[in-house]
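Enquirer: Sending over a structure as structure tokens; questions will come in a sec.
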Amino acid sequence: LMVHRNAAASAVGGNMIIAAEHARRAGGRLVDVASEYRVTVRERSLRGQLLLIEGPGGRTEARLPLVGRHQAENAATAVAVADALGLQR
């Protein structure tokens with residue numbers, strides 16, 4: 001189960017413990033993307049943004065044709081999912 005700390009309140013009634021318990025029951029773990037991954041915007045323009053995403057699985061550079069901090073957070077969540085599934089970046 002992937003959550004961003006700032007989105008967790010609306011996703012699980014404000015209780016990360018409940019989310020962690022759901023993940024545990026499903027045989028997984030709660031991944032708090034906001035605390036385990038860091039996103040640095042290296043370039044930003046109307047054509048998109050270049051991101052550096054760092055987490056337990058290493059560093060990944062990604063160019064997104066989308067703008068906005070929330071898009072960078074979505075990209076970090078996608079990398080966290082890839083890491084959790086053991087996929088190569």
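So you can find residues: chains in the structure tokens are A, B, ... in the order shown, residues in each start at 1, and ligands are numbered from 1 in order.
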I'd like the neighbourhood of Leu51 of chain A as a list in words, where a residue qualifies if any of its atoms comes within 9 Å (using only C-alpha atoms), though same-chain residues fewer than 6 positions away should be ignored.
Expert: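 That gives Val39, Thr40, Val41, Arg42, Glu43, Arg44, Thr60, Glu61, Ala62, Arg63, Leu64, Ala72 and Ala75 of chain A.
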Enquirer: With N, CA, C and O atoms retained, could you export that selection as a PDB file, in the first residue's frame?
Expert:
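Contents of result_0.pdb, as written:
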ATOM      1  N   VAL A  39      12.195  13.815  -4.067  1.00  0.00           N
ATOM      2  CA  VAL A  39      12.103  14.278  -5.452  1.00  0.00           C
ATOM      3  C   VAL A  39      12.728  15.653  -5.544  1.00  0.00           C
ATOM      4  O   VAL A  39      12.374  16.568  -4.795  1.00  0.00           O
ATOM      5  N   THR A  40      13.663  15.806  -6.480  1.00  0.00           N
ATOM      6  CA  THR A  40      14.278  17.098  -6.748  1.00  0.00           C
ATOM      7  C   THR A  40      13.935  17.473  -8.186  1.00  0.00           C
ATOM      8  O   THR A  40      14.162  16.689  -9.104  1.00  0.00           O
ATOM      9  N   VAL A  41      13.365  18.655  -8.349  1.00  0.00           N
ATOM     10  CA  VAL A  41      13.075  19.144  -9.695  1.00  0.00           C
ATOM     11  C   VAL A  41      14.341  19.818 -10.204  1.00  0.00           C
ATOM     12  O   VAL A  41      14.778  20.830  -9.668  1.00  0.00           O
ATOM     13  N   ARG A  42      14.931  19.230 -11.243  1.00  0.00           N
ATOM     14  CA  ARG A  42      16.192  19.751 -11.782  1.00  0.00           C
ATOM     15  C   ARG A  42      15.957  20.805 -12.848  1.00  0.00           C
ATOM     16  O   ARG A  42      16.749  21.717 -13.001  1.00  0.00           O
ATOM     17  N   GLU A  43      14.899  20.639 -13.627  1.00  0.00           N
ATOM     18  CA  GLU A  43      14.522  21.617 -14.648  1.00  0.00           C
ATOM     19  C   GLU A  43      13.002  21.688 -14.684  1.00  0.00           C
ATOM     20  O   GLU A  43      12.332  20.690 -14.461  1.00  0.00           O
ATOM     21  N   ARG A  44      12.492  22.859 -14.990  1.00  0.00           N
ATOM     22  CA  ARG A  44      11.048  23.034 -15.099  1.00  0.00           C
ATOM     23  C   ARG A  44      10.769  24.035 -16.209  1.00  0.00           C
ATOM     24  O   ARG A  44      11.417  25.078 -16.286  1.00  0.00           O
ATOM     25  N   THR A  60      16.902   7.731  -9.710  1.00  0.00           N
ATOM     26  CA  THR A  60      16.340   7.653 -11.058  1.00  0.00           C
ATOM     27  C   THR A  60      16.085   9.061 -11.560  1.00  0.00           C
ATOM     28  O   THR A  60      15.548   9.891 -10.840  1.00  0.00           O
ATOM     29  N   GLU A  61      16.490   9.316 -12.787  1.00  0.00           N
ATOM     30  CA  GLU A  61      16.185  10.593 -13.420  1.00  0.00           C
ATOM     31  C   GLU A  61      15.020  10.360 -14.378  1.00  0.00           C
ATOM     32  O   GLU A  61      15.008   9.371 -15.114  1.00  0.00           O
ATOM     33  N   ALA A  62      14.042  11.253 -14.344  1.00  0.00           N
ATOM     34  CA  ALA A  62      12.856  11.090 -15.197  1.00  0.00           C
ATOM     35  C   ALA A  62      12.449  12.436 -15.780  1.00  0.00           C
ATOM     36  O   ALA A  62      12.437  13.444 -15.079  1.00  0.00           O
ATOM     37  N   ARG A  63      12.130  12.431 -17.056  1.00  0.00           N
ATOM     38  CA  ARG A  63      11.591  13.628 -17.702  1.00  0.00           C
ATOM     39  C   ARG A  63      10.100  13.426 -17.876  1.00  0.00           C
ATOM     40  O   ARG A  63       9.660  12.460 -18.486  1.00  0.00           O
ATOM     41  N   LEU A  64       9.320  14.324 -17.284  1.00  0.00           N
ATOM     42  CA  LEU A  64       7.864  14.263 -17.383  1.00  0.00           C
ATOM     43  C   LEU A  64       7.367  15.367 -18.300  1.00  0.00           C
ATOM     44  O   LEU A  64       7.775  16.514 -18.160  1.00  0.00           O
ATOM     45  N   ALA A  72       5.175  15.454  -9.838  1.00  0.00           N
ATOM     46  CA  ALA A  72       6.448  14.933  -9.338  1.00  0.00           C
ATOM     47  C   ALA A  72       6.197  13.905  -8.233  1.00  0.00           C
ATOM     48  O   ALA A  72       6.855  12.855  -8.184  1.00  0.00           O
ATOM     49  N   ALA A  75       5.089  10.713  -9.802  1.00  0.00           N
ATOM     50  CA  ALA A  75       6.234  10.003 -10.381  1.00  0.00           C
ATOM     51  C   ALA A  75       7.008   9.259  -9.292  1.00  0.00           C
ATOM     52  O   ALA A  75       7.427   8.113  -9.494  1.00  0.00           O
TER      53      ALA A  75
END
Enquirer: If you count only C-alpha atoms, which residues fall within 10 Å of Glu73 of chain A, apart from same-chain ones fewer than 4 positions away, as a short mmCIF file (atom, residue, chain, number, x, y, z; two decimals) with N, CA and C atoms, in the first residue's frame?
Expert:
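What ended up in selection-v4.cif:
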data_model
loop_
_atom_site.label_atom_id
_atom_site.label_comp_id
_atom_site.auth_asym_id
_atom_site.auth_seq_id
_atom_site.Cartn_x
_atom_site.Cartn_y
_atom_site.Cartn_z
N HIS A 4 1.12 8.91 0.35
CA HIS A 4 1.87 10.12 0.65
C HIS A 4 1.33 10.60 1.98
N VAL A 33 5.71 7.20 0.89
CA VAL A 33 6.55 7.73 -0.18
C VAL A 33 7.20 9.06 0.23
N ALA A 34 6.46 9.89 0.92
CA ALA A 34 6.98 11.21 1.30
C ALA A 34 8.18 11.11 2.23
N TYR A 37 11.17 8.56 -0.03
CA TYR A 37 11.64 9.00 -1.35
C TYR A 37 11.77 10.51 -1.37
N ARG A 38 12.76 10.99 -2.11
CA ARG A 38 12.97 12.43 -2.25
C ARG A 38 12.94 12.77 -3.73
N VAL A 39 12.19 13.81 -4.07
CA VAL A 39 12.10 14.28 -5.45
C VAL A 39 12.73 15.65 -5.54
N ILE A 53 14.68 11.33 -8.66
CA ILE A 53 13.93 10.64 -7.62
C ILE A 53 14.89 9.70 -6.91
N GLY A 68 3.86 20.62 -12.41
CA GLY A 68 3.19 20.64 -11.12
C GLY A 68 3.86 19.71 -10.12
N ARG A 69 3.91 20.18 -8.88
CA ARG A 69 4.52 19.39 -7.80
C ARG A 69 3.80 18.06 -7.62
N THR A 77 5.77 8.11 -6.54
CA THR A 77 4.93 6.97 -6.16
C THR A 77 5.08 5.83 -7.17
N ALA A 78 5.15 6.16 -8.46
CA ALA A 78 5.35 5.14 -9.49
C ALA A 78 6.69 4.43 -9.30
N VAL A 79 7.73 5.17 -8.96
CA VAL A 79 9.04 4.57 -8.70
C VAL A 79 8.97 3.68 -7.46
#
Enquirer: May I ask for the distance between atom CA of Arg24 of chain A and atom CA of Gly55 of chain A, given in Å to one decimal place?
Expert: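 According to the coordinates, atom CA of Arg24 of chain A and atom CA of Gly55 of chain A are separated by 21.5 Å.
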Enquirer: Which residue, A:Val67, A:Leu52, A:Asn74, A:Ala19, has the smallest gap to Val31 of chain A when you use only C-alpha atoms?
Expert: A:Ala19
Enquirer: What separation in Å, quoted to one decimal, exists between atom CA of Ala76 of chain A and atom CA of Leu46 of chain A?
Expert: 20.2 Å
Enquirer: Pro65 of chain A: which residues within 9 Å, counting only C-alpha atoms, same-chain residues fewer than 6 positions away excluded, as a PyMOL selection string?
Expert: chain A and resi 46-50
Enquirer: Mind giving me the straight-line distance from atom CA of Arg59 of chain A to atom CA of Ala26 of chain A in Å, one decimal?
Expert: 28.2 Å
